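Structure data follow from target09.cif (mmCIF, N, CA and C atoms and all ligand atoms):
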```cif
data_my_file
loop_
_atom_site.label_atom_id
_atom_site.label_comp_id
_atom_site.auth_asym_id
_atom_site.auth_seq_id
_atom_site.Cartn_x
_atom_site.Cartn_y
_atom_site.Cartn_z
N MET A 834 -36.11 -34.69 -19.24
CA MET A 834 -36.23 -33.68 -18.17
C MET A 834 -36.26 -34.40 -16.83
N PRO A 835 -35.29 -34.09 -15.94
CA PRO A 835 -35.25 -34.76 -14.64
C PRO A 835 -36.49 -34.46 -13.80
N THR A 836 -36.94 -35.49 -13.09
CA THR A 836 -38.04 -35.32 -12.16
C THR A 836 -37.53 -34.63 -10.91
N THR A 837 -38.26 -33.63 -10.43
CA THR A 837 -37.84 -32.92 -9.22
C THR A 837 -38.26 -33.72 -8.00
N LEU A 838 -37.26 -34.18 -7.26
CA LEU A 838 -37.49 -34.94 -6.03
C LEU A 838 -36.75 -34.23 -4.91
N PRO A 839 -37.18 -34.41 -3.66
CA PRO A 839 -36.43 -33.82 -2.55
C PRO A 839 -35.03 -34.45 -2.48
N MET A 840 -34.05 -33.63 -2.06
CA MET A 840 -32.67 -34.13 -1.98
C MET A 840 -32.59 -35.22 -0.90
N PRO A 841 -32.19 -36.44 -1.28
CA PRO A 841 -32.07 -37.51 -0.28
C PRO A 841 -30.89 -37.26 0.64
N SER A 842 -30.92 -37.91 1.81
CA SER A 842 -29.81 -37.75 2.77
C SER A 842 -28.56 -38.43 2.22
N THR A 843 -27.44 -38.07 2.80
CA THR A 843 -26.17 -38.67 2.39
C THR A 843 -26.19 -40.18 2.59
N LEU A 844 -26.74 -40.63 3.70
CA LEU A 844 -26.81 -42.07 3.97
C LEU A 844 -27.67 -42.79 2.93
N THR A 845 -28.80 -42.19 2.57
CA THR A 845 -29.66 -42.78 1.54
C THR A 845 -28.94 -42.86 0.20
N VAL A 846 -28.23 -41.79 -0.14
CA VAL A 846 -27.50 -41.75 -1.41
C VAL A 846 -26.40 -42.83 -1.43
N LEU A 847 -25.71 -43.00 -0.30
CA LEU A 847 -24.66 -44.03 -0.23
C LEU A 847 -25.26 -45.43 -0.35
N LYS A 848 -26.38 -45.66 0.32
CA LYS A 848 -27.06 -46.97 0.21
C LYS A 848 -27.47 -47.25 -1.23
N ARG A 849 -28.05 -46.25 -1.89
CA ARG A 849 -28.44 -46.42 -3.29
C ARG A 849 -27.22 -46.71 -4.16
N GLY A 850 -26.12 -46.07 -3.85
CA GLY A 850 -24.90 -46.32 -4.62
C GLY A 850 -24.38 -47.73 -4.41
N LEU A 851 -24.41 -48.21 -3.18
CA LEU A 851 -23.97 -49.58 -2.90
C LEU A 851 -24.86 -50.60 -3.61
N LEU A 852 -26.11 -50.24 -3.86
CA LEU A 852 -27.04 -51.11 -4.59
C LEU A 852 -27.00 -50.83 -6.09
N CYS A 853 -26.10 -49.93 -6.52
CA CYS A 853 -25.95 -49.56 -7.94
C CYS A 853 -27.24 -48.98 -8.50
N ARG A 854 -27.86 -48.09 -7.73
CA ARG A 854 -29.10 -47.44 -8.13
C ARG A 854 -28.90 -45.93 -8.22
N CYS A 855 -29.79 -45.28 -8.93
CA CYS A 855 -29.75 -43.83 -9.12
C CYS A 855 -29.78 -43.12 -7.76
N PRO A 856 -28.91 -42.09 -7.56
CA PRO A 856 -28.91 -41.39 -6.29
C PRO A 856 -30.16 -40.54 -6.06
N ASN A 857 -30.79 -40.11 -7.14
CA ASN A 857 -31.94 -39.22 -7.02
C ASN A 857 -33.22 -39.95 -6.64
N CYS A 858 -33.52 -41.06 -7.34
CA CYS A 858 -34.80 -41.75 -7.11
C CYS A 858 -34.62 -43.14 -6.48
N GLY A 859 -33.46 -43.76 -6.64
CA GLY A 859 -33.23 -45.09 -6.10
C GLY A 859 -33.87 -46.21 -6.91
N LYS A 860 -34.46 -45.88 -8.05
CA LYS A 860 -35.14 -46.89 -8.86
C LYS A 860 -34.37 -47.23 -10.13
N GLY A 861 -33.84 -46.24 -10.81
CA GLY A 861 -33.13 -46.47 -12.07
C GLY A 861 -31.76 -47.08 -11.85
N ARG A 862 -31.28 -47.76 -12.89
CA ARG A 862 -29.94 -48.35 -12.83
C ARG A 862 -28.89 -47.24 -12.85
N LEU A 863 -27.73 -47.51 -12.22
CA LEU A 863 -26.64 -46.55 -12.21
C LEU A 863 -25.64 -46.83 -13.32
N PHE A 864 -25.52 -48.10 -13.72
CA PHE A 864 -24.51 -48.48 -14.73
C PHE A 864 -25.17 -49.03 -15.98
N LYS A 865 -24.60 -48.67 -17.14
CA LYS A 865 -25.05 -49.27 -18.40
C LYS A 865 -24.17 -50.45 -18.79
N SER A 866 -22.99 -50.55 -18.20
CA SER A 866 -22.14 -51.73 -18.34
C SER A 866 -21.46 -51.93 -16.99
N TYR A 867 -20.41 -52.73 -16.95
CA TYR A 867 -19.81 -53.10 -15.66
C TYR A 867 -19.47 -51.89 -14.79
N LEU A 868 -18.76 -50.90 -15.34
CA LEU A 868 -18.39 -49.72 -14.56
C LEU A 868 -18.74 -48.40 -15.26
N LYS A 869 -19.50 -48.45 -16.34
CA LYS A 869 -19.84 -47.24 -17.10
C LYS A 869 -21.19 -46.71 -16.62
N LEU A 870 -21.17 -45.46 -16.15
CA LEU A 870 -22.41 -44.85 -15.67
C LEU A 870 -23.36 -44.57 -16.82
N VAL A 871 -24.66 -44.69 -16.56
CA VAL A 871 -25.66 -44.30 -17.55
C VAL A 871 -25.59 -42.79 -17.74
N ASP A 872 -25.98 -42.31 -18.92
CA ASP A 872 -25.99 -40.88 -19.17
C ASP A 872 -27.03 -40.17 -18.31
N HIS A 873 -28.19 -40.81 -18.20
CA HIS A 873 -29.25 -40.26 -17.34
C HIS A 873 -30.09 -41.43 -16.82
N CYS A 874 -30.74 -41.20 -15.70
CA CYS A 874 -31.53 -42.25 -15.06
C CYS A 874 -32.75 -42.60 -15.92
N ASP A 875 -33.01 -43.89 -16.08
CA ASP A 875 -34.18 -44.34 -16.85
C ASP A 875 -35.48 -44.00 -16.14
N ALA A 876 -35.46 -43.92 -14.82
CA ALA A 876 -36.69 -43.71 -14.05
C ALA A 876 -37.01 -42.24 -13.86
N CYS A 877 -36.01 -41.41 -13.50
CA CYS A 877 -36.29 -40.00 -13.17
C CYS A 877 -35.64 -39.01 -14.12
N GLY A 878 -34.71 -39.45 -14.96
CA GLY A 878 -34.10 -38.56 -15.94
C GLY A 878 -32.90 -37.78 -15.42
N GLU A 879 -32.47 -38.00 -14.18
CA GLU A 879 -31.34 -37.27 -13.62
C GLU A 879 -30.08 -37.53 -14.42
N GLN A 880 -29.33 -36.48 -14.73
CA GLN A 880 -28.06 -36.60 -15.44
C GLN A 880 -27.01 -37.23 -14.53
N LEU A 881 -26.40 -38.32 -14.97
CA LEU A 881 -25.42 -39.02 -14.14
C LEU A 881 -24.11 -39.29 -14.89
N GLY A 882 -24.13 -39.20 -16.20
CA GLY A 882 -22.97 -39.59 -17.00
C GLY A 882 -21.76 -38.70 -16.82
N HIS A 883 -21.92 -37.50 -16.26
CA HIS A 883 -20.81 -36.57 -16.11
C HIS A 883 -20.00 -36.82 -14.83
N ILE A 884 -20.48 -37.67 -13.94
CA ILE A 884 -19.82 -37.89 -12.65
C ILE A 884 -18.54 -38.70 -12.87
N ARG A 885 -17.43 -38.21 -12.32
CA ARG A 885 -16.14 -38.88 -12.48
C ARG A 885 -15.64 -39.33 -11.11
N ALA A 886 -15.72 -40.63 -10.83
CA ALA A 886 -15.25 -41.15 -9.55
C ALA A 886 -13.75 -41.41 -9.56
N ASP A 887 -13.15 -41.42 -10.74
CA ASP A 887 -11.71 -41.66 -10.90
C ASP A 887 -11.26 -42.94 -10.19
N ASP A 888 -10.16 -42.87 -9.43
CA ASP A 888 -9.56 -44.08 -8.85
C ASP A 888 -10.02 -44.38 -7.43
N PHE A 889 -10.80 -43.51 -6.83
CA PHE A 889 -11.16 -43.72 -5.42
C PHE A 889 -11.91 -45.04 -5.18
N PRO A 890 -12.85 -45.44 -6.06
CA PRO A 890 -13.49 -46.75 -5.84
C PRO A 890 -12.49 -47.90 -5.85
N ALA A 891 -11.48 -47.81 -6.70
CA ALA A 891 -10.46 -48.87 -6.74
C ALA A 891 -9.65 -48.88 -5.44
N TYR A 892 -9.32 -47.70 -4.90
CA TYR A 892 -8.58 -47.64 -3.63
C TYR A 892 -9.41 -48.26 -2.50
N LEU A 893 -10.70 -47.93 -2.46
CA LEU A 893 -11.56 -48.51 -1.43
C LEU A 893 -11.63 -50.02 -1.56
N THR A 894 -11.78 -50.50 -2.79
CA THR A 894 -11.87 -51.94 -3.04
C THR A 894 -10.58 -52.64 -2.61
N ILE A 895 -9.45 -52.06 -2.96
CA ILE A 895 -8.16 -52.65 -2.59
C ILE A 895 -8.03 -52.72 -1.06
N ALA A 896 -8.41 -51.65 -0.39
CA ALA A 896 -8.29 -51.62 1.08
C ALA A 896 -9.18 -52.68 1.72
N ILE A 897 -10.40 -52.80 1.26
CA ILE A 897 -11.33 -53.77 1.86
C ILE A 897 -10.91 -55.20 1.54
N VAL A 898 -10.66 -55.48 0.27
CA VAL A 898 -10.28 -56.83 -0.13
C VAL A 898 -8.95 -57.22 0.50
N GLY A 899 -8.02 -56.28 0.55
CA GLY A 899 -6.72 -56.55 1.16
C GLY A 899 -6.84 -56.96 2.61
N HIS A 900 -7.65 -56.24 3.37
CA HIS A 900 -7.82 -56.60 4.78
C HIS A 900 -8.46 -57.97 4.95
N ILE A 901 -9.43 -58.28 4.11
CA ILE A 901 -10.10 -59.59 4.21
C ILE A 901 -9.15 -60.72 3.83
N VAL A 902 -8.44 -60.55 2.72
CA VAL A 902 -7.58 -61.63 2.22
C VAL A 902 -6.36 -61.82 3.14
N VAL A 903 -5.73 -60.74 3.54
CA VAL A 903 -4.55 -60.87 4.41
C VAL A 903 -4.96 -61.46 5.76
N GLY A 904 -6.08 -61.00 6.29
CA GLY A 904 -6.58 -61.59 7.54
C GLY A 904 -6.87 -63.07 7.39
N GLY A 905 -7.47 -63.44 6.29
CA GLY A 905 -7.76 -64.85 6.03
C GLY A 905 -6.50 -65.68 5.88
N MET A 906 -5.49 -65.11 5.21
CA MET A 906 -4.22 -65.84 5.03
C MET A 906 -3.52 -66.04 6.37
N LEU A 907 -3.53 -65.02 7.21
CA LEU A 907 -2.90 -65.15 8.52
C LEU A 907 -3.63 -66.19 9.38
N ALA A 908 -4.95 -66.16 9.34
CA ALA A 908 -5.72 -67.14 10.10
C ALA A 908 -5.47 -68.54 9.57
N ALA A 909 -5.39 -68.69 8.25
CA ALA A 909 -5.13 -70.01 7.66
C ALA A 909 -3.74 -70.50 8.04
N ALA A 910 -2.75 -69.61 8.04
CA ALA A 910 -1.38 -70.01 8.38
C ALA A 910 -1.29 -70.47 9.83
N GLN A 911 -2.01 -69.79 10.72
CA GLN A 911 -1.97 -70.16 12.13
C GLN A 911 -2.74 -71.44 12.44
N SER A 912 -3.69 -71.77 11.56
CA SER A 912 -4.49 -72.96 11.82
C SER A 912 -3.95 -74.20 11.12
N GLY A 913 -2.81 -74.08 10.45
CA GLY A 913 -2.16 -75.24 9.86
C GLY A 913 -2.64 -75.63 8.49
N VAL A 914 -3.35 -74.74 7.80
CA VAL A 914 -3.78 -75.02 6.42
C VAL A 914 -2.53 -75.05 5.54
N PRO A 915 -2.40 -76.02 4.63
CA PRO A 915 -1.24 -76.06 3.74
C PRO A 915 -1.08 -74.76 2.96
N THR A 916 0.16 -74.34 2.77
CA THR A 916 0.46 -73.07 2.10
C THR A 916 -0.16 -73.00 0.71
N TRP A 917 -0.03 -74.10 -0.05
CA TRP A 917 -0.57 -74.08 -1.42
C TRP A 917 -2.09 -73.86 -1.40
N ALA A 918 -2.79 -74.44 -0.41
CA ALA A 918 -4.24 -74.26 -0.33
C ALA A 918 -4.59 -72.82 0.05
N GLY A 919 -3.82 -72.25 0.97
CA GLY A 919 -4.04 -70.86 1.37
C GLY A 919 -3.84 -69.90 0.21
N ILE A 920 -2.79 -70.13 -0.57
CA ILE A 920 -2.52 -69.27 -1.72
C ILE A 920 -3.62 -69.42 -2.77
N LEU A 921 -4.02 -70.66 -3.04
CA LEU A 921 -5.06 -70.91 -4.05
C LEU A 921 -6.39 -70.23 -3.65
N VAL A 922 -6.77 -70.41 -2.41
CA VAL A 922 -8.02 -69.79 -1.94
C VAL A 922 -7.90 -68.26 -1.96
N SER A 923 -6.73 -67.75 -1.57
CA SER A 923 -6.53 -66.29 -1.57
C SER A 923 -6.66 -65.71 -2.96
N ILE A 924 -6.12 -66.38 -3.96
CA ILE A 924 -6.21 -65.89 -5.34
C ILE A 924 -7.67 -65.86 -5.79
N VAL A 925 -8.37 -66.94 -5.54
CA VAL A 925 -9.79 -67.00 -5.96
C VAL A 925 -10.62 -65.95 -5.23
N VAL A 926 -10.42 -65.83 -3.92
CA VAL A 926 -11.19 -64.85 -3.14
C VAL A 926 -10.85 -63.43 -3.58
N THR A 927 -9.57 -63.15 -3.82
CA THR A 927 -9.16 -61.80 -4.23
C THR A 927 -9.82 -61.41 -5.55
N ILE A 928 -9.74 -62.27 -6.53
CA ILE A 928 -10.29 -61.94 -7.85
C ILE A 928 -11.82 -61.80 -7.78
N SER A 929 -12.48 -62.77 -7.19
CA SER A 929 -13.94 -62.73 -7.19
C SER A 929 -14.49 -61.60 -6.32
N LEU A 930 -13.89 -61.38 -5.17
CA LEU A 930 -14.35 -60.30 -4.29
C LEU A 930 -14.09 -58.92 -4.91
N THR A 931 -12.96 -58.76 -5.57
CA THR A 931 -12.65 -57.49 -6.23
C THR A 931 -13.64 -57.20 -7.34
N LEU A 932 -13.90 -58.20 -8.19
CA LEU A 932 -14.82 -57.99 -9.31
C LEU A 932 -16.24 -57.72 -8.82
N TRP A 933 -16.63 -58.33 -7.71
CA TRP A 933 -17.97 -58.09 -7.16
C TRP A 933 -18.06 -56.73 -6.48
N LEU A 934 -17.03 -56.35 -5.73
CA LEU A 934 -17.09 -55.15 -4.89
C LEU A 934 -16.88 -53.85 -5.66
N LEU A 935 -16.07 -53.88 -6.72
CA LEU A 935 -15.71 -52.64 -7.42
C LEU A 935 -16.91 -51.83 -7.91
N PRO A 936 -17.91 -52.41 -8.59
CA PRO A 936 -19.05 -51.59 -9.01
C PRO A 936 -19.83 -51.00 -7.84
N HIS A 937 -19.91 -51.74 -6.74
CA HIS A 937 -20.63 -51.22 -5.58
C HIS A 937 -19.90 -50.02 -4.97
N MET A 938 -18.57 -50.09 -4.93
CA MET A 938 -17.78 -48.96 -4.42
C MET A 938 -17.90 -47.77 -5.37
N LYS A 939 -17.86 -48.05 -6.68
CA LYS A 939 -18.00 -46.96 -7.64
C LYS A 939 -19.38 -46.32 -7.53
N GLY A 940 -20.40 -47.14 -7.31
CA GLY A 940 -21.74 -46.60 -7.14
C GLY A 940 -21.83 -45.69 -5.93
N ALA A 941 -21.24 -46.11 -4.82
CA ALA A 941 -21.28 -45.29 -3.60
C ALA A 941 -20.52 -43.99 -3.81
N VAL A 942 -19.35 -44.05 -4.42
CA VAL A 942 -18.55 -42.84 -4.63
C VAL A 942 -19.25 -41.90 -5.63
N ALA A 943 -19.75 -42.45 -6.73
CA ALA A 943 -20.43 -41.62 -7.73
C ALA A 943 -21.66 -40.96 -7.13
N ASN A 944 -22.42 -41.70 -6.35
CA ASN A 944 -23.62 -41.13 -5.73
C ASN A 944 -23.25 -40.05 -4.70
N TYR A 945 -22.15 -40.27 -3.97
CA TYR A 945 -21.72 -39.25 -3.00
C TYR A 945 -21.29 -37.98 -3.73
N LEU A 946 -20.58 -38.14 -4.84
CA LEU A 946 -20.19 -36.96 -5.63
C LEU A 946 -21.43 -36.24 -6.16
N TRP A 947 -22.44 -37.01 -6.57
CA TRP A 947 -23.70 -36.40 -7.01
C TRP A 947 -24.33 -35.62 -5.87
N ARG A 948 -24.30 -36.19 -4.67
CA ARG A 948 -24.89 -35.54 -3.47
C ARG A 948 -24.16 -34.25 -3.15
N LEU A 949 -22.85 -34.20 -3.39
CA LEU A 949 -22.08 -32.99 -3.14
C LEU A 949 -22.33 -31.92 -4.18
N LYS A 950 -23.05 -32.29 -5.26
CA LYS A 950 -23.39 -31.36 -6.34
C LYS A 950 -22.15 -30.71 -6.95
N ILE A 951 -21.14 -31.52 -7.19
CA ILE A 951 -19.94 -31.00 -7.84
C ILE A 951 -20.31 -30.63 -9.27
N PRO A 952 -20.05 -29.38 -9.67
CA PRO A 952 -20.45 -28.96 -11.02
C PRO A 952 -19.80 -29.80 -12.10
N LYS A 953 -20.51 -29.97 -13.18
CA LYS A 953 -20.03 -30.76 -14.31
C LYS A 953 -18.69 -30.23 -14.80
N GLY A 954 -17.72 -31.14 -14.91
CA GLY A 954 -16.42 -30.78 -15.46
C GLY A 954 -15.46 -30.14 -14.47
N SER A 955 -15.85 -29.97 -13.19
CA SER A 955 -14.97 -29.29 -12.25
C SER A 955 -13.93 -30.20 -11.65
N VAL A 956 -14.05 -31.49 -11.87
CA VAL A 956 -13.06 -32.42 -11.32
C VAL A 956 -12.41 -33.22 -12.44
N GLU A 957 -12.18 -32.56 -13.55
CA GLU A 957 -11.53 -33.23 -14.69
C GLU A 957 -10.10 -33.61 -14.31
N ALA A 958 -9.67 -34.74 -14.84
CA ALA A 958 -8.30 -35.18 -14.59
C ALA A 958 -7.33 -34.23 -15.27
N GLY A 959 -6.24 -33.96 -14.59
CA GLY A 959 -5.28 -33.00 -15.12
C GLY A 959 -4.15 -33.62 -15.89
ZN ZN B 1001 -33.37 -41.80 -10.95
#
```

In structure tokens, what does this structure look like?
Amino acid sequence: MPTTLPMPSTLTVLKRGLLCRCPNCGKGRLFKSYLKLVDHCDACGEQLGHIRADDFPAYLTIAIVGHIVVGGMLAAAQSGVPTWAGILVSIVVTISLTLWLLPHMKGAVANYLWRLKIPKGSVEAG
């Protein structure tokens, strides 16, 4: 049974999502694996497993990582860094930053969807 708490602000919910925490209480974990949402919060019991963030977290991650990596490559090219070194660093930064950022983006999007109170099953993929 979910604990009744006052509805947190949108900013609070987004912060909790970026920290991969429950949107309702901010204490329970949001994920049971890398990108799989828990069915319900361990701390407050809020139902979370029905939230479908779909591809939007991936789009956000691509946009952020793309701007960082492309900016870094342009700066490296202008400063005379060898091309092979720029490419090697870009590959490592792209992979590691993407893997780190994706769950945080999914947490923010899932928590925002929770804040919008989208009814269960209303955003099913077609
Ligand atoms: Zn909770």

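Inspection of the environment of ligand ZN 1001 (chain B), which uses only N, CA and C atoms and all ligand atoms and a cut-off of 8 Å, identifies the neighbouring residues as A:Thr836, A:Arg854, A:Cys855, A:Pro856, A:Asn857, A:Cys858, A:Gly859, A:Lys860, A:Gly861, A:Arg862, A:His873, A:Cys874, A:Asp875, A:Ala876, A:Cys877, A:Gly878, A:Glu879, A:Gln880.
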
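Across the structure, atom C of Gly940 (chain A) and atom N of Ala896 (chain A) are spaced 15.7 Å apart.
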
* Counting only C-alpha atoms, figure out which residue out of A:Met840, A:Val902, A:Gly913, A:Leu881 gets nearest to Ile928 (chain A). =>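 That would be A:Val902, the residue with the smallest distance to Ile928 (chain A).
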
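Here atom C of Ile901 (chain A) stands at a distance of 8.0 Å from atom N of Thr927 (chain A).
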
* **Nearby residues (only N, CA and C atoms) at most 6.5 Å from Ala943 (chain A), same-chain spacing under 3 positions excluded, as a count of residues only** => 9

* What lies within 7 Å of Leu868 (chain A) using all atoms listed in the file, ignoring chain neighbours under 3 positions off, as number ranges by chain? -> A: 864-865, 936

* **Distance in Å - atom N of Pro841 (chain A) versus CA of Gly882 (chain A)** =>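 About the pair atom N of Pro841 (chain A) and CA of Gly882 (chain A): they are 18.5 Å apart.
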
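Closest to Gly850 (chain A) among A:Ile924, A:Leu935, A:Ala908, A:Val903 is A:Leu935, based on only C-alpha atoms.
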
* Smallest atom-to-atom distance to Tyr945 (chain A): which of A:His883, A:Arg849, A:Lys869, A:His900, using only C-alpha atoms? ->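 For Tyr945 (chain A), the nearest of the given residues is A:Arg849.
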